[in-house]
$ cat input16.cif   # mmCIF, C-alpha atoms and all ligand atoms
data_coords
loop_
_atom_site.label_atom_id
_atom_site.label_comp_id
_atom_site.auth_asym_id
_atom_site.auth_seq_id
_atom_site.Cartn_x
_atom_site.Cartn_y
_atom_site.Cartn_z
CA ASN A 42 -34.50 -4.26 -9.07
CA ALA A 43 -34.37 -2.77 -5.59
CA ASP A 44 -31.92 -5.48 -4.61
CA LEU A 45 -29.62 -4.60 -7.51
CA ALA A 46 -29.76 -0.92 -6.58
CA MET A 47 -28.96 -1.83 -2.99
CA TYR A 48 -25.79 -3.66 -4.06
CA VAL A 49 -24.75 -0.70 -6.17
CA ALA A 50 -25.27 1.60 -3.16
CA LYS A 51 -23.31 -0.77 -0.88
CA GLY A 52 -20.50 -0.78 -3.39
CA ARG A 53 -20.29 3.00 -3.17
CA GLY A 54 -19.61 2.87 0.56
CA LYS A 55 -21.35 3.92 3.72
CA GLY A 56 -24.33 6.26 3.96
CA THR A 57 -25.17 6.31 0.26
CA TYR A 58 -28.22 5.43 -1.82
CA ALA A 59 -28.81 4.34 -5.40
CA VAL A 60 -31.92 4.53 -7.57
CA PHE A 61 -32.45 1.55 -9.89
CA GLU A 62 -31.44 2.09 -13.50
CA PRO A 63 -31.83 -0.47 -16.32
CA GLU A 64 -28.06 -0.41 -16.98
CA MET A 65 -27.61 -2.08 -13.61
CA TYR A 66 -28.85 -5.30 -15.24
CA SER A 67 -26.09 -5.44 -17.81
CA SER A 68 -23.43 -4.53 -15.29
CA SER A 69 -24.67 -7.19 -12.88
CA LEU A 70 -24.61 -9.79 -15.68
CA GLU A 71 -21.11 -8.65 -16.50
CA SER A 72 -19.95 -9.00 -12.92
CA LEU A 73 -21.63 -12.42 -12.76
CA SER A 74 -19.55 -13.66 -15.68
CA ILE A 75 -16.45 -12.02 -14.25
CA SER A 76 -16.98 -13.65 -10.88
CA THR A 77 -17.34 -17.11 -12.51
CA ASP A 78 -14.21 -16.55 -14.57
CA LEU A 79 -12.36 -15.21 -11.55
CA ARG A 80 -12.66 -18.53 -9.76
CA ASN A 81 -10.90 -20.20 -12.67
CA ALA A 82 -8.37 -17.40 -12.97
CA LEU A 83 -6.80 -18.36 -9.66
CA GLU A 84 -6.36 -21.98 -10.71
CA ARG A 85 -5.08 -21.03 -14.14
CA ASP A 86 -2.59 -18.51 -12.80
CA GLU A 87 -4.07 -15.69 -14.85
CA LEU A 88 -3.62 -13.09 -12.12
CA LEU A 89 -0.39 -11.20 -12.20
CA LEU A 90 1.29 -8.07 -10.93
CA PHE A 91 2.64 -5.12 -12.84
CA TYR A 92 5.07 -2.78 -11.12
CA GLN A 93 5.36 1.00 -11.17
CA PRO A 94 8.53 2.71 -9.90
CA ILE A 95 8.45 5.26 -7.08
CA VAL A 96 11.21 7.81 -7.54
CA ASP A 97 13.08 9.81 -4.89
CA LEU A 98 12.98 13.39 -6.24
CA ASP A 99 16.02 14.45 -4.25
CA SER A 100 18.49 11.72 -5.19
CA GLY A 101 16.84 10.76 -8.48
CA ASP A 102 16.93 7.08 -7.44
CA ILE A 103 14.16 4.53 -7.60
CA SER A 104 13.19 4.02 -3.97
CA GLY A 105 10.50 1.44 -4.48
CA LEU A 106 7.88 -0.18 -6.64
CA GLU A 107 4.12 -0.39 -6.32
CA ALA A 108 2.59 -3.75 -7.22
CA LEU A 109 -0.58 -3.33 -9.29
CA ALA A 110 -2.84 -6.27 -10.06
CA ARG A 111 -3.70 -7.33 -13.61
CA TRP A 112 -5.78 -10.18 -14.96
CA LYS A 113 -4.71 -11.85 -18.16
CA HIS A 114 -8.22 -12.87 -19.17
CA PRO A 115 -8.30 -15.56 -21.87
CA VAL A 116 -10.96 -13.71 -23.91
CA ARG A 117 -11.05 -10.09 -22.72
CA GLY A 118 -7.30 -9.54 -22.65
CA LEU A 119 -5.44 -7.65 -19.93
CA LEU A 120 -7.92 -6.32 -17.35
CA SER A 121 -7.22 -3.54 -14.86
CA PRO A 122 -8.04 -3.87 -11.15
CA ALA A 123 -11.11 -1.63 -11.47
CA GLU A 124 -12.63 -4.32 -13.70
CA PHE A 125 -12.27 -7.23 -11.30
CA ILE A 126 -11.21 -6.20 -7.77
CA PRO A 127 -14.71 -4.88 -6.87
CA VAL A 128 -16.24 -8.16 -8.11
CA ALA A 129 -13.68 -10.14 -6.14
CA GLU A 130 -14.57 -8.08 -3.06
CA GLU A 131 -18.26 -8.89 -3.41
CA SER A 132 -17.67 -12.60 -3.72
CA ASN A 133 -15.10 -12.88 -0.92
CA LEU A 134 -12.67 -14.33 -3.46
CA ILE A 135 -10.57 -11.28 -2.70
CA ILE A 136 -9.14 -12.99 0.40
CA GLU A 137 -7.68 -15.81 -1.68
CA ILE A 138 -6.67 -13.49 -4.52
CA GLY A 139 -5.15 -10.92 -2.19
CA LYS A 140 -3.14 -13.59 -0.42
CA ARG A 141 -1.82 -15.00 -3.69
CA LEU A 142 -0.87 -11.53 -4.95
CA LEU A 143 0.79 -10.60 -1.66
CA PHE A 144 2.99 -13.72 -1.78
CA MET A 145 3.80 -12.92 -5.40
CA ALA A 146 4.78 -9.32 -4.57
CA CYS A 147 6.96 -10.41 -1.63
CA ALA A 148 8.71 -13.13 -3.63
CA GLN A 149 9.37 -10.69 -6.48
CA ALA A 150 10.64 -8.02 -4.10
CA GLN A 151 13.02 -10.44 -2.45
CA GLU A 152 14.36 -11.55 -5.84
CA TRP A 153 14.88 -7.93 -6.90
CA ARG A 154 16.52 -7.07 -3.58
CA LYS A 155 19.22 -9.54 -4.59
CA THR A 156 19.50 -8.61 -8.27
CA LEU A 157 18.66 -4.87 -8.25
CA SER A 158 18.96 -3.21 -4.86
CA PRO A 159 18.73 -4.51 -1.28
CA LYS A 160 16.91 -1.33 -0.22
CA LEU A 161 14.08 -1.72 -2.74
CA GLN A 162 10.68 -1.31 -1.09
CA MET A 163 7.57 -3.04 -2.36
CA SER A 164 4.18 -1.36 -1.91
CA PHE A 165 1.11 -3.56 -1.96
CA ASN A 166 -2.54 -2.46 -2.03
CA LEU A 167 -4.74 -4.14 0.54
CA SER A 168 -8.45 -4.57 -0.09
CA ALA A 169 -11.18 -3.70 2.39
CA LYS A 170 -11.90 -7.35 3.16
CA GLN A 171 -8.23 -8.16 3.70
CA LEU A 172 -7.96 -5.31 6.15
CA GLU A 173 -10.97 -6.66 8.05
CA ASP A 174 -9.73 -10.24 7.96
CA PRO A 175 -8.62 -11.30 11.47
CA ASN A 176 -5.97 -13.47 9.75
CA LEU A 177 -4.28 -10.51 8.08
CA VAL A 178 -1.31 -10.39 10.45
CA PRO A 179 -0.52 -14.14 10.26
CA ILE A 180 -0.93 -14.08 6.45
CA VAL A 181 1.49 -11.17 6.04
CA THR A 182 3.93 -12.74 8.52
CA GLU A 183 3.80 -15.99 6.58
CA ALA A 184 4.35 -14.23 3.25
CA LEU A 185 7.49 -12.58 4.65
CA ALA A 186 8.74 -15.79 6.28
CA MET A 187 8.19 -17.90 3.16
CA THR A 188 9.82 -15.45 0.78
CA GLY A 189 12.54 -14.18 3.11
CA LEU A 190 11.60 -10.55 2.47
CA PRO A 191 12.57 -8.33 5.44
CA PRO A 192 9.51 -6.53 6.89
CA GLU A 193 11.21 -3.14 6.34
CA ASN A 194 10.96 -3.75 2.60
CA LEU A 195 7.17 -4.12 2.59
CA ILE A 196 4.64 -1.28 2.57
CA LEU A 197 0.92 -1.92 2.79
CA GLU A 198 -1.36 0.69 1.22
CA ILE A 199 -4.82 1.36 2.58
CA THR A 200 -7.59 3.91 2.10
CA GLU A 201 -10.22 5.25 4.43
CA SER A 202 -13.06 3.82 2.34
CA MET A 203 -11.81 0.38 3.45
CA LEU A 204 -12.70 1.01 7.06
CA MET A 205 -16.09 -0.62 7.22
CA GLY A 206 -16.71 -2.14 10.59
CA ASN A 207 -14.48 -2.37 13.58
CA VAL A 208 -11.93 0.45 13.42
CA GLU A 209 -10.34 -0.59 16.72
CA ALA A 210 -9.63 -4.06 15.37
CA THR A 211 -8.07 -2.51 12.26
CA VAL A 212 -5.88 -0.25 14.37
CA ARG A 213 -4.73 -3.30 16.35
CA GLN A 214 -3.83 -5.19 13.17
CA LEU A 215 -1.96 -2.24 11.68
CA THR A 216 -0.11 -1.62 14.94
CA ALA A 217 0.98 -5.26 15.04
CA LEU A 218 2.22 -5.06 11.44
CA ARG A 219 4.12 -1.84 12.09
CA LYS A 220 5.77 -3.37 15.16
CA GLN A 221 7.32 -5.93 12.82
CA GLY A 222 8.75 -3.09 10.73
CA ILE A 223 6.22 -3.10 7.89
CA GLY A 224 5.29 0.36 6.57
CA ILE A 225 1.70 1.56 6.30
CA ALA A 226 0.72 4.05 3.60
CA ILE A 227 -2.48 6.05 3.21
CA ASP A 228 -3.38 5.88 -0.47
CA ASP A 229 -5.35 8.52 -2.44
CA PHE A 230 -4.95 11.08 0.35
CA GLY A 231 -7.09 14.20 0.01
CA THR A 232 -10.01 12.48 -1.74
CA GLY A 233 -13.18 11.04 -0.27
CA HIS A 234 -11.28 7.75 0.00
CA SER A 235 -8.82 9.14 2.55
CA SER A 236 -9.15 12.23 4.71
CA LEU A 237 -7.59 13.93 7.70
CA GLY A 238 -9.77 11.85 10.01
CA LEU A 239 -7.89 8.76 8.92
CA LEU A 240 -4.49 10.18 9.81
CA LYS A 241 -5.80 10.91 13.25
CA ARG A 242 -7.19 7.43 13.77
CA LEU A 243 -4.64 5.13 12.17
CA PRO A 244 -0.94 4.44 12.70
CA VAL A 245 0.74 5.36 9.40
CA ASP A 246 4.19 6.06 7.93
CA ILE A 247 3.50 7.27 4.41
CA MET A 248 0.96 9.59 2.81
CA LYS A 249 0.24 9.29 -0.91
CA ILE A 250 -1.21 12.49 -2.36
CA ASP A 251 -3.96 11.58 -4.80
CA ARG A 252 -3.27 12.22 -8.45
CA THR A 253 -6.29 14.48 -8.89
CA PHE A 254 -4.35 17.21 -7.02
CA VAL A 255 -1.19 16.69 -9.03
CA HIS A 256 -3.17 16.59 -12.26
CA SER A 257 -4.55 20.11 -11.99
CA MET A 258 -1.39 21.69 -10.57
CA THR A 259 -0.23 24.71 -12.50
CA GLU A 260 1.97 27.63 -11.41
CA GLY A 261 0.22 29.59 -8.66
CA SER A 262 -2.97 27.49 -8.85
CA GLN A 263 -5.04 26.53 -5.85
CA ASP A 264 -4.01 22.90 -6.26
CA VAL A 265 -0.36 23.85 -5.74
CA ALA A 266 -1.46 25.34 -2.44
CA PHE A 267 -3.28 22.12 -1.56
CA VAL A 268 -0.28 19.97 -2.40
CA GLU A 269 1.97 22.30 -0.42
CA ALA A 270 -0.37 22.09 2.57
CA MET A 271 -0.43 18.29 2.37
CA LEU A 272 3.38 18.19 2.19
CA ASN A 273 3.59 20.43 5.26
CA LEU A 274 1.11 18.21 7.05
CA GLY A 275 3.18 15.15 6.15
CA ASP A 276 6.29 16.91 7.46
CA SER A 277 4.74 17.85 10.78
CA LEU A 278 3.38 14.35 11.28
CA LYS A 279 6.80 12.92 10.31
CA LEU A 280 5.35 10.99 7.40
CA ARG A 281 7.07 10.35 4.10
CA THR A 282 5.00 11.77 1.26
CA VAL A 283 4.59 10.38 -2.23
CA ALA A 284 2.82 12.39 -4.96
CA GLU A 285 0.92 10.16 -7.40
CA GLY A 286 0.18 10.59 -11.09
CA ILE A 287 3.01 12.84 -12.31
CA GLU A 288 2.63 13.06 -16.08
CA THR A 289 4.47 16.24 -17.10
CA HIS A 290 7.83 17.90 -16.55
CA GLN A 291 6.03 20.95 -15.23
CA GLN A 292 4.36 18.89 -12.51
CA MET A 293 7.72 17.38 -11.59
CA ARG A 294 9.35 20.81 -11.37
CA LEU A 295 6.56 22.21 -9.21
CA LEU A 296 6.92 19.24 -6.87
CA GLN A 297 10.68 19.74 -6.74
CA GLU A 298 10.14 23.35 -5.74
CA LEU A 299 7.84 22.14 -2.98
CA ALA A 300 10.52 19.62 -1.88
CA CYS A 301 8.18 16.66 -2.32
CA PRO A 302 10.21 13.57 -1.27
CA ASP A 303 8.83 10.86 -3.58
CA VAL A 304 6.92 10.78 -6.86
CA GLN A 305 5.19 8.20 -9.01
CA GLY A 306 3.62 8.61 -12.43
CA TYR A 307 3.63 8.00 -16.18
CA LEU A 308 6.37 10.63 -16.63
CA PHE A 309 8.79 8.15 -15.06
CA ALA A 310 7.14 4.88 -16.03
CA LYS A 311 3.77 3.20 -16.47
CA PRO A 312 3.11 0.02 -14.52
CA MET A 313 5.14 -2.69 -16.28
CA ALA A 314 5.40 -6.48 -16.46
CA PRO A 315 8.18 -7.95 -14.30
CA SER A 316 10.76 -8.36 -17.09
CA ASP A 317 10.24 -4.77 -18.31
CA THR A 318 10.41 -3.52 -14.72
CA GLU A 319 13.73 -5.25 -14.27
CA THR A 320 15.16 -3.67 -17.42
CA PHE A 321 13.77 -0.28 -16.46
CA VAL A 322 15.18 -0.31 -12.94
CA SER A 323 18.60 -1.60 -13.96
CA THR A 324 19.02 0.99 -16.72
CA PHE A 325 17.39 3.97 -14.97
CA ASP A 326 19.78 6.91 -14.86
CA GLY A 327 18.02 9.67 -12.99
CA LEU A 328 15.10 12.04 -13.43
CA PRO A 329 13.88 12.70 -16.98
CA GLU A 330 15.46 15.85 -18.52
P1 LIG B 401 -3.74 3.09 -6.63
O1 LIG B 401 -3.18 2.20 -5.59
O2 LIG B 401 -3.96 4.52 -6.27
O3 LIG B 401 -2.73 2.95 -7.86
C1 LIG B 401 -2.38 3.99 -8.73
C2 LIG B 401 -3.15 3.89 -10.01
O4 LIG B 401 -2.86 5.06 -10.79
C3 LIG B 401 -2.76 2.70 -10.89
O5 LIG B 401 -3.92 2.28 -11.62
C4 LIG B 401 -1.75 3.33 -11.84
O6 LIG B 401 -1.62 2.65 -13.06
C5 LIG B 401 -2.35 4.69 -12.04
N1 LIG B 401 -1.33 5.69 -12.42
C6 LIG B 401 -0.04 5.73 -12.07
N2 LIG B 401 0.59 6.80 -12.59
C7 LIG B 401 -0.34 7.48 -13.30
C8 LIG B 401 -0.32 8.69 -14.08
O7 LIG B 401 0.71 9.36 -14.23
N3 LIG B 401 -1.49 9.07 -14.65
C9 LIG B 401 -2.63 8.36 -14.51
N4 LIG B 401 -3.73 8.80 -15.11
N5 LIG B 401 -2.70 7.20 -13.79
C10 LIG B 401 -1.57 6.77 -13.18
P2 LIG B 401 -4.37 0.77 -11.71
O8 LIG B 401 -3.17 -0.13 -11.86
O9 LIG B 401 -5.46 0.68 -12.70
O10 LIG B 401 -4.96 0.48 -10.25
C11 LIG B 401 -6.11 1.12 -9.81
C12 LIG B 401 -6.41 0.84 -8.36
O11 LIG B 401 -6.72 -0.54 -8.16
C13 LIG B 401 -5.22 1.10 -7.45
O12 LIG B 401 -5.13 2.47 -7.18
C14 LIG B 401 -5.58 0.28 -6.24
O13 LIG B 401 -6.46 0.96 -5.41
C15 LIG B 401 -6.32 -0.91 -6.86
N6 LIG B 401 -5.40 -2.07 -6.92
C16 LIG B 401 -4.36 -2.28 -7.75
N7 LIG B 401 -3.75 -3.44 -7.48
C17 LIG B 401 -4.42 -3.98 -6.44
C18 LIG B 401 -4.25 -5.20 -5.68
O14 LIG B 401 -3.34 -6.01 -5.87
N8 LIG B 401 -5.15 -5.42 -4.67
C19 LIG B 401 -6.14 -4.53 -4.39
N9 LIG B 401 -6.99 -4.82 -3.39
N10 LIG B 401 -6.32 -3.40 -5.08
C20 LIG B 401 -5.47 -3.12 -6.09
MG MG B 402 -1.84 2.28 -4.24
MG MG B 403 -3.57 6.06 -5.24
#

$ encode --input "input16.cif" --output "structure tokens"
Amino acid sequence: NADLAMYVAKGRGKGTYAVFEPEMYSSSLESLSISTDLRNALERDELLLFYQPIVDLDSGDISGLEALARWKHPVRGLLSPAEFIPVAEESNLIIEIGKRLLFMACAQAQEWRKTLSPKLQMSFNLSAKQLEDPNLVPIVTEALAMTGLPPENLILEITESMLMGNVEATVRQLTALRKQGIGIAIDDFGTGHSSLGLLKRLPVDIMKIDRTFVHSMTEGSQDVAFVEAMLNLGDSLKLRTVAEGIETHQQMRLLQELACPDVQGYLFAKPMAPSDTETFVSTFDGLPE
């Protein structure tokens, strides 16, 4: 029981503790069956990517897409990353899965650069273990070389909670990737996953404001002030800022008033399968009225 609780605590990150609860049994059985299935999923090609557009608020154009993992489970149906990425992380399968997904995202981006827009940028979420993997740089380089995607069209998203061990080694890897022209984005900025400390320590190009701030933004509210402060911070550090999780017109208007460069959220589109993404991007005609 103590062992189970320890794994739960480890999963929550550094410097935490967990007290054993009976529910931990069922969730560990669940992750056991998921981790067995996950091995097969790779062979059976059940892992796929959905894509969510990132919209330039100024021009009203789609500036990029974020690749978001899905698992087409034979019995459970379509699973979201929260249901299998943490299990994949525990079992180290994430390295293989992450590599497969990265190649998939790069190949798709290169195809869409030809059919949709040559400027299209593809954002990909790295996992903690991928970021720690000393082979990260060669893997990314190979993915670009094999698919023909120019490095300028790839953005890698990371969060602070991924920085487990050797921060210096991570900085070296990110610096090497940026030298090639790849963009680095801080995801979920403003939450416990990503803080100011991270901006100071890591070389980055893009800051993604977490959706919890956008969610509770109303005229004159404190969260508007927070978002404004984060946008100013992004400006002074010469970062491009993306606000995540825009669901309403009001949120979009507030962000326009604050001159937020890029936005992403259900108001524009939910993450979609590749064919729907293609239709969406090719028929998109500006910001929703
Ligand atoms: P994230 O990178 O912060 O991705 C944004 C999440 O917010 C996505 O959830 C997206 O569907 C959701 N979202 C977008 N717009 C809205 C909105 O307007 N309202 C609300 N309520 N939600 C919105 P999703 O696809 O379930 O992904 C969850 C997380 O899983 C991602 O958070 C990312 O950290 C991780 N993830 C996704 N794909 C991958 C992957 O390929 N590899 C790794 N390692 N992690 C991934
Ligand atoms: Mg992300
Ligand atoms: Mg995020």

$ residues_near_ligand --input "input16.cif" --ligand "ligand MG 403 (chain B)" --cutoff "10 Å" --atoms "only C-alpha atoms and all ligand atoms" --output "MDAnalysis selection string"
chainID A and resid 166 198:200 227:230 232 234:235 248:253 283:286 305

$ residues_near_ligand --input "input16.cif" --ligand "ligand LIG 401 (chain B)" --cutoff "7 Å" --atoms "all atoms listed in the file" --output "PDB file with C-alpha atoms, in the coordinates of the input"
ATOM      1  CA  ALA A 108       2.590  -3.750  -7.220  1.00  0.00           C
ATOM      2  CA  LEU A 109      -0.580  -3.330  -9.290  1.00  0.00           C
ATOM      3  CA  ALA A 110      -2.840  -6.270 -10.060  1.00  0.00           C
ATOM      4  CA  SER A 121      -7.220  -3.540 -14.860  1.00  0.00           C
ATOM      5  CA  PRO A 122      -8.040  -3.870 -11.150  1.00  0.00           C
ATOM      6  CA  ALA A 123     -11.110  -1.630 -11.470  1.00  0.00           C
ATOM      7  CA  ILE A 126     -11.210  -6.200  -7.770  1.00  0.00           C
ATOM      8  CA  GLY A 139      -5.150 -10.920  -2.190  1.00  0.00           C
ATOM      9  CA  LEU A 142      -0.870 -11.530  -4.950  1.00  0.00           C
ATOM     10  CA  PHE A 165       1.110  -3.560  -1.960  1.00  0.00           C
ATOM     11  CA  ASN A 166      -2.540  -2.460  -2.030  1.00  0.00           C
ATOM     12  CA  LEU A 167      -4.740  -4.140   0.540  1.00  0.00           C
ATOM     13  CA  SER A 168      -8.450  -4.570  -0.090  1.00  0.00           C
ATOM     14  CA  ASP A 228      -3.380   5.880  -0.470  1.00  0.00           C
ATOM     15  CA  ASP A 229      -5.350   8.520  -2.440  1.00  0.00           C
ATOM     16  CA  GLU A 285       0.920  10.160  -7.400  1.00  0.00           C
ATOM     17  CA  GLY A 286       0.180  10.590 -11.090  1.00  0.00           C
ATOM     18  CA  ILE A 287       3.010  12.840 -12.310  1.00  0.00           C
ATOM     19  CA  GLU A 288       2.630  13.060 -16.080  1.00  0.00           C
ATOM     20  CA  GLN A 305       5.190   8.200  -9.010  1.00  0.00           C
ATOM     21  CA  GLY A 306       3.620   8.610 -12.430  1.00  0.00           C
ATOM     22  CA  TYR A 307       3.630   8.000 -16.180  1.00  0.00           C
ATOM     23  CA  LEU A 308       6.370  10.630 -16.630  1.00  0.00           C
ATOM     24  CA  LYS A 311       3.770   3.200 -16.470  1.00  0.00           C
ATOM     25  CA  PRO A 312       3.110   0.020 -14.520  1.00  0.00           C
TER      26      PRO A 312
END

$ residues_around --input "input16.cif" --residues "Val49 in chain A" --least-positions-apart "3" --cutoff "12 Å" --atoms "all atoms listed in the file" --output "NGL selection string"
:A and (42-46 or 52-55 or 57-62 or 64-66 or 68-69 or 72 or 127-128 or 131)

$ closest_residue --input "input16.cif" --among "A:Pro192, A:Phe309, A:Ala226, A:Arg80" --to "Asp326 in chain A" --atoms "all atoms listed in the file"
A:Phe309

$ atom_distance --input "input16.cif" --atom1 "CA of Asn81 in chain A" --atom2 "CA of Leu143 in chain A"
18.7 Å

$ atom_distance --input "input16.cif" --atom1 "CA of Thr259 in chain A" --atom2 "CA of Pro94 in chain A"
23.8 Å

$ residues_around --input "input16.cif" --residues "Arg154 in chain A" --least-positions-apart "6" --cutoff "10 Å" --atoms "only C-alpha atoms" --output "list of chain:residue names"
A:Ala148, A:Lys160, A:Leu161, A:Gln162, A:Met163, A:Leu190, A:Pro191, A:Asn194

$ closest_residue --input "input16.cif" --among "A:Ile247, A:Leu204, A:Ile223, A:Met145" --to "ligand MG 402 (chain B)" --atoms "only C-alpha atoms and all ligand atoms"
A:Ile247

$ residues_around --input "input16.cif" --residues "Leu237 in chain A" --least-positions-apart "6" --cutoff "10 Å" --atoms "all atoms listed in the file" --output "ChimeraX atom specification"
/A:201,230-231,271,274
